[in-house]
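Colleague: One structure, pasted below without further comment.
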Amino acid sequence: MIDTHAHVDRAEAPEVLARAREAGVDRVIAVGTSVANAREVLALADEHDGVYACLGIHPHEAGDVGDHDVDELRVLLDHPKVVAVGETGLD
């Protein structure tokens with residue numbers, strides 16, 4: 001089973017992911033809602049098997065976004081554990 005939209009804090013990830021596995025969830029798509037949060041989500045995905053990333057900029061963050069943020073997000077989206085773009089206001 002896959003959790004397709006999880007907000008997982010890195011500090012709590014080992015416990016949260018263990019509980020998820022016990023419940024039959026073997027893959028998690030962690031969601032990044034800003035460029036800074038995207039970096040954290042990618043670190044989480046790198047640290048844990050079965051964790052992948054969905055990155056984007058949530059509409060609540062859009063007012064503080066500049067061209068450099070969009071450029072950085074494009075680079076982050078090339079990471080091999082990114083499987084989706086989300087939190088963009090299109091969903």
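Starting from 1 in every chain, residues are counted up; chains themselves are A, B, ... following the order of the structure tokens, and ligands are numbered from 1 as listed.
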I need the residues of chain A that end up classed as strand (DSSP E or B) by DSSP on the backbone, written out as a list in words.

Modeller: Ile2, Asp3, Thr4, His5, Ala6, Arg27, Val28, Ile29, Ala30, Val31, Gly32, Val51, Tyr52, Ala53, Cys54, Leu55, Val82, Val83, Ala84 and Val85 of chain A

Colleague: How about saving the chosen residues, C-alpha atoms kept, as an mmCIF file, in the first residue's frame?

Modeller:
```cif
data_model
loop_
_atom_site.group_PDB
_atom_site.id
_atom_site.type_symbol
_atom_site.label_atom_id
_atom_site.label_comp_id
_atom_site.auth_asym_id
_atom_site.auth_seq_id
_atom_site.Cartn_x
_atom_site.Cartn_y
_atom_site.Cartn_z
ATOM 1 C CA ILE A 2 1.175 3.556 -0.732
ATOM 2 C CA ASP A 3 0.432 6.719 1.235
ATOM 3 C CA THR A 4 0.281 9.234 -1.612
ATOM 4 C CA HIS A 5 0.301 12.451 0.426
ATOM 5 C CA ALA A 6 2.228 12.499 3.698
ATOM 6 C CA ARG A 27 5.793 3.265 0.368
ATOM 7 C CA VAL A 28 5.207 6.888 1.289
ATOM 8 C CA ILE A 29 5.146 9.943 -0.920
ATOM 9 C CA ALA A 30 6.264 12.815 1.289
ATOM 10 C CA VAL A 31 5.142 16.257 0.217
ATOM 11 C CA GLY A 32 7.278 19.402 0.063
ATOM 12 C CA VAL A 51 10.019 7.143 0.829
ATOM 13 C CA TYR A 52 9.625 9.250 -2.300
ATOM 14 C CA ALA A 53 8.948 12.938 -2.856
ATOM 15 C CA CYS A 54 6.261 15.144 -4.323
ATOM 16 C CA LEU A 55 7.537 18.714 -4.576
ATOM 17 C CA VAL A 82 10.923 12.745 -6.938
ATOM 18 C CA VAL A 83 7.846 11.045 -8.364
ATOM 19 C CA ALA A 84 5.362 13.916 -8.590
ATOM 20 C CA VAL A 85 4.766 17.640 -8.630
#
```

Colleague: Do a neighbour search on His68 of chain A at 10 Å with only C-alpha atoms, toss out local chain neighbours closer than 5 positions, and write the hits as a ChimeraX atom specification.

Modeller: /A:35,73-74

Colleague: Would you pick out the contacts of Thr33 of chain A at 12 Å or less, using only C-alpha atoms, so that residues sharing its chain but fewer than 4 positions from it are not included, and give the list as a list of chain:residue names?

Modeller: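 Once the nearby chain positions are removed, what remains is A:His5, A:Ala6, A:His7, A:Val8, A:Asn37, A:Ala38, A:Arg39, A:Glu40, A:Val41, A:Leu42, A:Ala53, A:Cys54, A:Leu55, A:Gly56, A:Ile57, A:His58, A:Pro59, A:His60, A:Glu61, A:Ala62, A:Val65, A:Leu73, A:Val85, A:Gly86, A:Glu87, A:Thr88, A:Gly89.
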